[in-house]
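Asker: Structure incoming, see below.
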Amino acid sequence: MADETDYYDFARALASVARRLAGTPDVAAALRAITQAAVTEAPGVDYAGISWVERRREVTAQAPTHELVAYCDQLQTELGEGPCLQAIRSQNTVVVDDLANDPRWPAFAARAVERGVRSVLSLRLFVGRETFGALNLYSRSPGQFGERVRIVGELFAALAAVVISGKLREDQLSQALLSRDVIGQAKGILMQRYAITAEEAFDRLIATSQSANMKVREVSAKLVGRDGSDLSDDRAGPGVGS
């Protein structure tokens with residue numbers, strides 16, 4: 001059992017990680033900070049990475065600290081099995097004491113062990129019912145992720161998930177504000193050029209969006225980017241310049 005000094009040191013490390021994550025500018029930077037901090041702060045961890053769940057439920061490797069992590073993530077995706085995928089699907093922490101003696105994912109284990117991976121700790125990143133992916137910690141030695149390290153890992157994953165959730169919402173808000181601003185500028189250009197109302201200008205943007213199979217924001221960005229030039233050519237579709 002760890003003594004009070006161990007817990008005090010970990011509390012300081014966790015606070016340092018929290019401040020580091022809070023200062024990251026976006027989700028990508030937050031993911032890199034998480035994996036780098038995991039290797040630095042979590043006992044027994046040689047490599048770390050994040051398996052990220054995309055909107056279509058596809059899993060991709062993000063911010064690996066070593067090429068071996070990217071290999072393991074890609075391997076699990078190709079084979080459809082592995083500790084990371086199980087952590088995401090079962091919504092539980094998955095611990096692998098020794099891949100060489102673990103029968104749960106034979107195809108993945110055989111190839112990962114060939115590359116030197118022995119211990120794995122996969123921790124689901126989630127807030128409420130929303131799963132972002134999993135934080136994966138790897139060691140070249142067996143038996144590295146005992147109870148103490150699991151507790152550290154779960155606290156670390158919880159912190160990471162909260163930060164990621166906040167960063168995603170910041171990004172979504174920034175995109176929404178940007179879209180509103182660009183659409184407003186495009187409407188103003190059309191209103192001035194054709195002496196039409198704001199509603200009529202927006203209707204033209206929607207018509208072009210539908211005919212060109214583009215989002216209204218993309219159509220608006222094209223119009224604003226051309227400083228009000230006609231968007232009725234083949235690339236943007238009919239409507240705006242008509």
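Every chain in the structure tokens takes a letter, A first, then B, and so on in the order presented; its residues are numbered from 1, and the ligands are numbered from 1 following the presented order.
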Would you please give, as an MDAnalysis selection string, all residues of stretch 84-173 of chain A that DSSP assigns to alpha helix (DSSP H) based on the backbone?

Answerer: chainID A and resid 84:90 106:114 147:173

Asker: Neighbouring residues of stretch 151-155 of chain A were defined as those with any atom within 9 Å, considering only C-alpha atoms; residues of the same chain fewer than 5 positions away were excluded. Please report them as a list in words.

Answerer: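 Non-adjacent residues within range: Phe10, Leu14, Ala38, Ala42, Pro43, Thr93, Leu121, Ser122, Leu123, Arg124, Leu135, Leu137, Gly146 and Ala160 of chain A.
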
Asker: Just the selected residues (N, CA and C atoms), exported as a tab-separated table (two decimals), in the first residue's frame, please.

Answerer:
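Saved result, result_26.tsv, follows:
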```
chain	number	residue	atom	x	y	z
A	10	PHE	N	1.43	12.28	-5.90
A	10	PHE	CA	0.51	12.08	-7.02
A	10	PHE	C	-0.49	13.23	-7.12
A	14	LEU	N	-1.12	15.42	-10.37
A	14	LEU	CA	-2.43	15.53	-11.01
A	14	LEU	C	-2.83	16.99	-11.15
A	38	ALA	N	0.76	11.30	-19.30
A	38	ALA	CA	0.56	9.93	-18.83
A	38	ALA	C	1.88	9.19	-18.71
A	42	ALA	N	2.38	8.62	-14.77
A	42	ALA	CA	1.82	7.33	-14.35
A	42	ALA	C	2.94	6.30	-14.20
A	43	PRO	N	3.04	5.65	-13.06
A	43	PRO	CA	4.11	4.68	-12.82
A	43	PRO	C	4.05	3.50	-13.79
A	93	THR	N	-12.89	-0.29	-17.54
A	93	THR	CA	-11.44	-0.29	-17.60
A	93	THR	C	-10.95	-1.70	-17.87
A	121	LEU	N	-3.10	-1.06	-20.19
A	121	LEU	CA	-4.21	-0.53	-19.39
A	121	LEU	C	-5.02	0.40	-20.28
A	122	SER	N	-6.27	0.02	-20.57
A	122	SER	CA	-7.15	0.83	-21.42
A	122	SER	C	-8.28	1.39	-20.57
A	123	LEU	N	-8.43	2.72	-20.60
A	123	LEU	CA	-9.40	3.40	-19.75
A	123	LEU	C	-10.35	4.23	-20.61
A	124	ARG	N	-11.63	3.96	-20.50
A	124	ARG	CA	-12.62	4.69	-21.30
A	124	ARG	C	-12.64	6.15	-20.91
A	135	LEU	N	-8.08	6.02	-23.24
A	135	LEU	CA	-6.68	6.31	-22.98
A	135	LEU	C	-5.98	4.97	-22.80
A	137	LEU	N	-2.50	2.86	-22.05
A	137	LEU	CA	-1.16	2.89	-21.47
A	137	LEU	C	-0.48	1.56	-21.72
A	146	GLY	N	-0.90	-2.63	-11.57
A	146	GLY	CA	-1.63	-3.13	-10.42
A	146	GLY	C	-2.69	-2.15	-9.95
A	160	ALA	N	-8.95	13.86	-17.96
A	160	ALA	CA	-8.79	14.05	-19.40
A	160	ALA	C	-10.14	14.16	-20.09
```

Asker: Name the closest residue to A:Pro64 among the candidates A:Cys84, A:Val39, A:Val149, A:Ala15; distances are taken between atoms, counting only C-alpha atoms.

Answerer: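 For A:Pro64, the nearest of the given residues is A:Val39.
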
Asker: List every residue of stretch 32-236 of chain A that DSSP, applied to the backbone, labels as strand (DSSP E), and write the result as a VMD selection string.

Answerer: chain A and resid 47 to 53 59 to 62 94 to 96 119 to 127 130 to 139

Asker: Could you take the residues named above and write them with N, CA and C atoms, as a JSON list (two decimals), in the first residue's frame?

Answerer:
```
[["chain", "number", "residue", "atom", "x", "y", "z"],
["A", 47, "TYR", "N", 4.63, 3.91, -22.89],
["A", 47, "TYR", "CA", 4.03, 4.61, -24.02],
["A", 47, "TYR", "C", 2.55, 4.85, -23.74],
["A", 48, "ALA", "N", 2.00, 5.86, -24.41],
["A", 48, "ALA", "CA", 0.58, 6.15, -24.24],
["A", 48, "ALA", "C", -0.01, 6.68, -25.54],
["A", 49, "GLY", "N", -1.30, 6.51, -25.67],
["A", 49, "GLY", "CA", -2.01, 7.03, -26.83],
["A", 49, "GLY", "C", -3.50, 7.07, -26.55],
["A", 50, "ILE", "N", -4.23, 7.69, -27.44],
["A", 50, "ILE", "CA", -5.69, 7.78, -27.29],
["A", 50, "ILE", "C", -6.36, 7.22, -28.54],
["A", 51, "SER", "N", -7.27, 6.31, -28.32],
["A", 51, "SER", "CA", -8.11, 5.80, -29.41],
["A", 51, "SER", "C", -9.37, 6.65, -29.42],
["A", 52, "TRP", "N", -9.56, 7.39, -30.48],
["A", 52, "TRP", "CA", -10.60, 8.41, -30.57],
["A", 52, "TRP", "C", -11.79, 7.89, -31.35],
["A", 53, "VAL", "N", -13.00, 8.05, -30.81],
["A", 53, "VAL", "CA", -14.21, 7.62, -31.48],
["A", 53, "VAL", "C", -14.75, 8.77, -32.31],
["A", 59, "VAL", "N", -12.94, 4.26, -34.95],
["A", 59, "VAL", "CA", -11.90, 4.49, -33.96],
["A", 59, "VAL", "C", -10.59, 4.81, -34.66],
["A", 60, "THR", "N", -9.98, 5.93, -34.30],
["A", 60, "THR", "CA", -8.70, 6.32, -34.89],
["A", 60, "THR", "C", -7.69, 6.61, -33.79],
["A", 61, "ALA", "N", -6.41, 6.42, -34.12],
["A", 61, "ALA", "CA", -5.33, 6.68, -33.16],
["A", 61, "ALA", "C", -5.00, 8.16, -33.13],
["A", 62, "GLN", "N", -4.85, 8.69, -31.92],
["A", 62, "GLN", "CA", -4.53, 10.11, -31.75],
["A", 62, "GLN", "C", -3.40, 10.28, -30.75],
["A", 94, "VAL", "N", -10.02, -1.85, -18.79],
["A", 94, "VAL", "CA", -9.50, -3.16, -19.15],
["A", 94, "VAL", "C", -8.02, -3.23, -18.77],
["A", 95, "VAL", "N", -7.67, -4.24, -17.99],
["A", 95, "VAL", "CA", -6.30, -4.42, -17.53],
["A", 95, "VAL", "C", -5.73, -5.71, -18.12],
["A", 96, "VAL", "N", -4.54, -5.61, -18.66],
["A", 96, "VAL", "CA", -3.83, -6.78, -19.19],
["A", 96, "VAL", "C", -2.51, -6.90, -18.44],
["A", 119, "SER", "N", 2.30, -5.35, -20.93],
["A", 119, "SER", "CA", 1.18, -4.89, -20.10],
["A", 119, "SER", "C", 0.41, -3.80, -20.81],
["A", 120, "VAL", "N", -0.93, -3.80, -20.63],
["A", 120, "VAL", "CA", -1.78, -2.77, -21.24],
["A", 120, "VAL", "C", -2.85, -2.36, -20.23],
["A", 121, "LEU", "N", -3.10, -1.06, -20.19],
["A", 121, "LEU", "CA", -4.21, -0.53, -19.39],
["A", 121, "LEU", "C", -5.02, 0.40, -20.28],
["A", 122, "SER", "N", -6.27, 0.02, -20.57],
["A", 122, "SER", "CA", -7.15, 0.83, -21.42],
["A", 122, "SER", "C", -8.28, 1.39, -20.57],
["A", 123, "LEU", "N", -8.43, 2.72, -20.60],
["A", 123, "LEU", "CA", -9.40, 3.40, -19.75],
["A", 123, "LEU", "C", -10.35, 4.23, -20.61],
["A", 124, "ARG", "N", -11.63, 3.96, -20.50],
["A", 124, "ARG", "CA", -12.62, 4.69, -21.30],
["A", 124, "ARG", "C", -12.64, 6.15, -20.91],
["A", 125, "LEU", "N", -12.66, 7.02, -21.92],
["A", 125, "LEU", "CA", -12.80, 8.46, -21.70],
["A", 125, "LEU", "C", -14.25, 8.83, -21.91],
["A", 126, "PHE", "N", -14.91, 9.27, -20.85],
["A", 126, "PHE", "CA", -16.34, 9.57, -20.97],
["A", 126, "PHE", "C", -16.77, 10.64, -19.99],
["A", 127, "VAL", "N", -17.87, 11.30, -20.35],
["A", 127, "VAL", "CA", -18.56, 12.22, -19.46],
["A", 127, "VAL", "C", -20.04, 11.90, -19.59],
["A", 130, "GLU", "N", -21.65, 10.06, -22.75],
["A", 130, "GLU", "CA", -20.88, 10.33, -23.96],
["A", 130, "GLU", "C", -19.47, 9.75, -23.84],
["A", 131, "THR", "N", -19.13, 8.86, -24.77],
["A", 131, "THR", "CA", -17.79, 8.26, -24.80],
["A", 131, "THR", "C", -16.96, 8.91, -25.90],
["A", 132, "PHE", "N", -15.77, 9.38, -25.53],
["A", 132, "PHE", "CA", -14.88, 10.01, -26.50],
["A", 132, "PHE", "C", -13.87, 9.03, -27.08],
["A", 133, "GLY", "N", -13.59, 7.97, -26.35],
["A", 133, "GLY", "CA", -12.61, 7.00, -26.78],
["A", 133, "GLY", "C", -11.98, 6.35, -25.57],
["A", 134, "ALA", "N", -10.68, 6.03, -25.66],
["A", 134, "ALA", "CA", -10.00, 5.39, -24.54],
["A", 134, "ALA", "C", -8.56, 5.88, -24.46],
["A", 135, "LEU", "N", -8.08, 6.02, -23.24],
["A", 135, "LEU", "CA", -6.68, 6.31, -22.98],
["A", 135, "LEU", "C", -5.98, 4.97, -22.80],
["A", 136, "ASN", "N", -4.96, 4.71, -23.62],
["A", 136, "ASN", "CA", -4.26, 3.43, -23.58],
["A", 136, "ASN", "C", -2.84, 3.61, -23.09],
["A", 137, "LEU", "N", -2.50, 2.86, -22.05],
["A", 137, "LEU", "CA", -1.16, 2.89, -21.47],
["A", 137, "LEU", "C", -0.48, 1.56, -21.72],
["A", 138, "TYR", "N", 0.77, 1.60, -22.17],
["A", 138, "TYR", "CA", 1.50, 0.39, -22.54],
["A", 138, "TYR", "C", 2.81, 0.29, -21.77],
["A", 139, "SER", "N", 3.18, -0.96, -21.49],
["A", 139, "SER", "CA", 4.48, -1.22, -20.86],
["A", 139, "SER", "C", 5.14, -2.40, -21.56]]
```

Asker: Closest to A:Ala29 among A:Lys167, A:Arg104, A:Arg115, A:Arg140, using only C-alpha atoms?

Answerer: A:Lys167

Asker: Between A:Arg19, A:Arg150, A:Arg12, A:Arg204, which residue has the minimum interatomic distance to A:Ile34, considering only C-alpha atoms?

Answerer: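 Ranked by minimum distance to A:Ile34, first place goes to A:Arg19.
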
Asker: What gap, in Å, lies between atom CA of A:Ala161 and atom CA of A:Leu21?

Answerer: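 Between these atoms lies a distance of 10.7 Å.
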
Asker: Pick the closest to A:Ala18 from A:Ala87, A:Leu223, A:Met214, A:Ala30: which is it, counting only C-alpha atoms?

Answerer: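 Closest to A:Ala18 of all the choices is A:Ala30.
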
Asker: Mind giving me the straight-line distance from atom CA of A:Asp102 to atom CA of A:Gly82 in Å, one decimal?

Answerer: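 We find that atom CA of A:Asp102 and atom CA of A:Gly82 lie 10.9 Å from each other.
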
Asker: For atom CA of A:Pro83 and atom CA of A:Glu147, determine how far apart the two atoms are, in Å to one decimal place.

Answerer: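 Atom CA of A:Glu147 lies at a distance of 17.3 Å from atom CA of A:Pro83.
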